[in-house]
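Shown next: input.txt, given as compact mmCIF, C-alpha atoms.
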# COMPACT_ATOMS: atom_id res chain seq x y z
CA MET A 584 90.04 126.01 92.90
CA SER A 585 93.49 125.10 94.15
CA GLU A 586 96.28 123.79 91.92
CA LYS A 587 96.78 121.15 94.62
CA ASP A 588 93.29 119.62 94.32
CA SER A 589 93.40 115.88 94.67
CA VAL A 590 93.34 113.57 91.70
CA PRO A 591 90.05 111.69 91.27
CA GLY A 592 89.80 108.00 92.08
CA ALA A 593 92.53 105.54 91.27
CA LEU A 594 94.43 108.09 89.16
CA ALA A 595 96.07 109.10 92.44
CA LEU A 596 98.14 105.90 92.22
CA ILE A 597 99.42 106.85 88.77
CA GLU A 598 100.14 110.45 89.75
CA ALA A 599 102.03 109.26 92.83
CA LEU A 600 104.10 106.77 90.81
CA VAL A 601 105.05 109.29 88.12
CA ASN A 602 105.99 111.79 90.81
CA THR A 603 108.43 109.42 92.54
CA LEU A 604 111.18 110.93 90.38
CA ASP A 605 112.22 114.57 90.77
CA VAL A 606 113.45 115.26 87.23
CA GLU A 607 115.30 118.42 88.27
CA THR A 608 117.37 116.85 91.05
CA GLY A 609 117.32 113.19 90.00
CA ALA A 610 116.03 112.14 93.44
CA ASP A 611 114.03 108.93 93.15
CA THR A 612 111.90 107.85 96.10
CA LEU A 613 111.87 104.30 94.71
CA ASP A 614 115.47 104.16 95.96
CA THR A 615 114.18 104.24 99.53
CA ALA A 616 112.45 101.52 101.53
CA ASP A 617 109.58 103.89 102.39
CA GLY A 618 109.19 104.89 98.75
CA ARG A 619 108.98 101.26 97.66
CA ALA A 620 106.62 100.36 100.51
CA ALA A 621 104.15 103.01 99.34
CA PHE A 622 103.61 100.90 96.20
CA GLY A 623 104.11 97.46 97.72
CA LEU A 624 107.40 96.97 95.88
CA THR A 625 110.54 95.07 96.73
CA GLU A 626 113.99 96.16 95.65
CA GLN A 627 113.81 93.60 92.83
CA ASP A 628 110.59 95.22 91.53
CA VAL A 629 112.18 98.65 91.09
CA PRO A 630 113.53 98.34 87.51
CA GLU A 631 110.09 97.30 86.21
CA ALA A 632 108.40 100.02 88.28
CA ARG A 633 110.75 102.62 86.80
CA GLU A 634 109.99 101.42 83.28
CA LEU A 635 106.26 101.62 84.05
CA ARG A 636 106.71 105.08 85.60
CA GLU A 637 108.43 106.46 82.51
CA ALA A 638 105.84 104.92 80.18
CA LEU A 639 103.13 106.58 82.30
CA ARG A 640 105.02 109.90 82.16
CA ALA A 641 105.14 109.61 78.35
CA ALA A 642 101.37 109.01 78.29
CA CYS A 643 100.82 112.04 80.55
CA LEU A 644 103.02 114.14 78.25
CA ALA A 645 100.96 112.92 75.30
CA HIS A 646 97.80 114.02 77.12
CA ALA A 647 99.40 117.48 77.36
CA GLY A 648 100.04 117.52 73.60
CA HIS A 649 103.66 116.31 73.55
CA ARG A 650 103.48 113.33 71.24
CA PRO A 651 106.57 111.20 70.61
CA PRO A 652 107.79 111.06 67.01
CA GLY A 653 106.58 108.21 64.80
CA ASP A 654 103.65 105.87 65.07
CA ALA A 655 105.29 103.23 67.24
CA ALA A 656 103.11 101.38 69.72
CA SER A 657 103.04 102.90 73.16
CA PRO A 658 105.51 101.39 75.64
CA LEU A 659 102.67 101.61 78.16
CA ASP A 660 100.51 99.40 75.96
CA ARG A 661 103.26 96.76 75.91
CA LEU A 662 103.76 96.93 79.69
CA LEU A 663 100.04 96.64 80.48
CA ALA A 664 99.34 93.85 77.98
CA GLY A 665 100.06 91.12 80.50
CA ALA A 666 98.35 92.72 83.49
CA PRO A 667 96.15 90.08 85.17
CA LEU A 668 92.69 91.67 85.32
CA ARG A 669 89.13 90.39 85.64
CA VAL A 670 85.73 91.94 85.17
CA THR A 671 83.67 92.30 88.32
CA VAL A 672 79.99 93.20 88.58
CA ASP A 673 78.52 94.57 91.80
CA ALA A 674 74.98 94.09 93.17
CA ALA A 675 73.79 97.21 91.32
CA GLY A 676 75.06 95.79 88.04
CA ALA A 677 78.03 98.15 87.66
CA ALA A 678 81.00 96.51 85.94
CA ALA A 679 84.67 97.27 86.53
CA LEU A 680 88.08 95.82 85.79
CA ARG A 681 89.92 94.66 88.89
CA PRO A 682 93.28 92.98 89.47
CA ALA A 683 92.82 89.21 89.23
CA THR A 684 95.01 88.37 92.21
CA GLU A 685 95.48 89.65 95.73
CA PRO A 686 97.72 91.24 96.63
CA ALA A 687 97.62 92.88 93.23
CA GLY A 688 100.86 93.78 91.52
CA LEU A 689 101.61 97.38 90.58
CA THR A 690 101.07 96.81 86.85
CA ALA A 691 97.61 95.29 87.42
CA ARG A 692 96.63 98.14 89.78
CA VAL A 693 97.79 100.70 87.21
CA ALA A 694 95.94 98.92 84.39
CA ALA A 695 92.73 98.83 86.43
CA ALA A 696 93.15 102.52 87.32
CA ILE A 697 93.60 103.47 83.66
CA ALA A 698 90.58 101.40 82.60
CA GLY A 699 88.39 103.03 85.24
CA ALA A 700 89.65 106.52 84.43
CA ALA A 701 89.15 105.95 80.69
CA ALA A 702 85.60 104.81 81.38
CA ASP A 703 84.75 107.86 83.47
CA GLY A 704 86.57 110.34 81.19
CA THR A 705 89.32 111.41 83.58
CA TRP A 706 92.34 109.57 82.08
CA ALA A 707 93.13 112.24 79.45
CA ARG A 708 93.19 114.94 82.13
CA LEU A 709 96.18 113.37 83.89
CA LYS A 710 99.08 115.28 82.34
CA ALA A 711 102.77 115.97 82.82
CA CYS A 712 104.15 119.46 83.29
CA GLU A 713 105.48 121.09 80.14
CA ALA A 714 108.60 122.35 81.93
CA GLU A 715 111.52 120.13 80.90
CA ASP A 716 113.11 120.43 84.36
CA CYS A 717 109.87 119.35 86.06
CA ARG A 718 107.64 116.84 84.18
CA TRP A 719 105.56 116.43 87.36
CA ALA A 720 102.20 114.67 86.88
CA TYR A 721 99.10 116.69 87.71
CA TYR A 722 95.37 116.50 87.14
CA ASP A 723 94.09 119.22 84.79
CA ARG A 724 90.91 120.66 86.29
CA SER A 725 90.81 123.70 83.99
CA PRO A 726 87.45 124.10 82.23
CA ALA A 727 88.94 123.75 78.74
CA GLY A 728 91.46 121.05 79.74
CA ARG A 729 94.39 123.06 78.38
CA ARG A 730 96.54 123.56 81.43
CA ARG A 731 100.26 123.27 80.60
CA TRP A 732 102.09 123.37 83.92
CA CYS A 733 101.80 121.57 87.23
CA SER A 734 101.82 124.93 88.99
CA MET A 735 101.13 128.29 87.42
CA SER A 736 102.91 129.97 90.31
CA VAL A 737 106.17 128.06 89.74
CA CYS A 738 106.61 126.35 86.36
CA GLY A 739 104.10 128.56 84.53
CA ALA A 740 105.59 131.75 85.95
CA ARG A 741 109.11 130.67 84.97
CA ALA A 742 108.03 129.89 81.39
CA LYS A 743 106.17 133.16 81.02
CA MET A 744 109.12 135.11 82.43
CA ARG A 745 111.49 133.41 79.93
CA THR A 746 109.14 134.33 77.09
CA TYR A 747 108.89 137.90 78.32
CA ARG A 748 112.67 138.26 78.64
CA ALA A 749 113.21 136.78 75.18
CA LYS A 750 110.87 139.40 73.69
CA ARG A 751 112.66 142.22 75.52
CA ALA A 752 116.14 141.09 74.46
Please go through the file and, once you have read it, give me the structure as structure tokens.
Amino acid sequence: MSEKDSVPGALALIEALVNTLDVETGADTLDTADGRAAFGLTEQDVPEARELREALRAACLAHAGHRPPGDAASPLDRLLAGAPLRVTVDAAGAAALRPATEPAGLTARVAAAIAGAAADGTWARLKACEAEDCRWAYYDRSPAGRRRWCSMSVCGARAKMRTYRAKRA
């Protein structure tokens, strides 16, 4: 199994959005026309998309066991509360939440993706890397669901080397 395996279903949208910011360098692909086009955003949409991105990152960190202090409501909950969604039922009787309008806005697409992933049990496996200089979103395919880093060969190796050096010092 490769660390680069694709994310299942609509979670790919969320992973891609979270990973538009390189935490280490500060490079943000939402600053570019191509980066915005990938999500159907205009320049005016960027501040809201950034707020959504960081709320999603916080949720991914929570999935990895990094809970914010206090019992405050999730910023993601607040952002998704107004997402225009509708229930659809296909010919086989399967129900799903879908954006209510076309073209669907980013928030509605994210809300529908989260609803679908929660229903199929994959939402909690979308996590953010434990490395403070990374925070990259990844899908945890480990059997126990306890993976901590986006890449064992990069972020995981760095963390383990720091721990090793601290013990030797």
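Taking only C-alpha atoms into account, Gly592 in chain A lies nearest to A:Ile697 out of the set A:Cys712, A:Tyr721, A:Arg730, A:Ile697.
Between CA of Arg724 in chain A and CA of Glu637 in chain A the interatomic distance comes to 22.9 Å.
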Figure out the distance between CA of Ala645 in chain A and CA of Ala711 in chain A, please, to one decimal in Å.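 Separation of CA of Ala711 in chain A and CA of Ala645 in chain A: 8.3 Å.
Among A:Thr603, A:Gly688, A:Asp716, A:Thr612, the residue with the shortest atom-to-atom distance to Asp628 in chain A, counting only C-alpha atoms, is A:Gly688.
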Mind checking which residues fall within 12 Å of Thr615 in chain A, counting only C-alpha atoms, ignoring those fewer than 6 positions away in the same chain, and posting them as a list in words?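 Answer for this query is Thr603, Leu604, Ala621, Phe622, Leu624, Thr625, Glu626 and Val629 of chain A.
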Ranking A:Leu680, A:Val601, A:Ala610, A:Ala674 by minimum distance to Ala701 in chain A and counting all atoms listed in the file, which one comes first? A:Leu680
Rank nothing, just name the residue among A:Ala593, A:Ala632, A:Ala687, A:Cys738 nearest to Asp611 in chain A, using all atoms listed in the file.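 Under the stated criterion, the closest residue is A:Ala632.
Separating CA of Cys643 in chain A from CA of Pro630 in chain A is a distance of 19.9 Å.
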The residue from A:Ala666, A:Ala642, A:Leu709, A:Cys733 with the smallest atom-to-atom distance to Val590 in chain A, counting all atoms listed in the file, is A:Leu709
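When all atoms listed in the file are used to compute distances to Glu634 in chain A, the closest of the residues A:Asp614, A:Leu668, A:Thr690, A:Arg650 turns out to be A:Thr690.
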Residues at most 10 Å from Arg681 in chain A, counting only C-alpha atoms, excluding those fewer than 5 positions away in the same chain, as a PyMOL selection string? chain A and resi 667-671+687+691-692+694-696+698-699
With 10 Å as the threshold, what does the neighbourhood of (89.5, 111.3, 91.4) contain in terms of residues, counting only C-alpha atoms? Coordinates are those of the file; answer as an MDAnalysis selection string. chainID A and resid 588:595 700 703 705:706 722
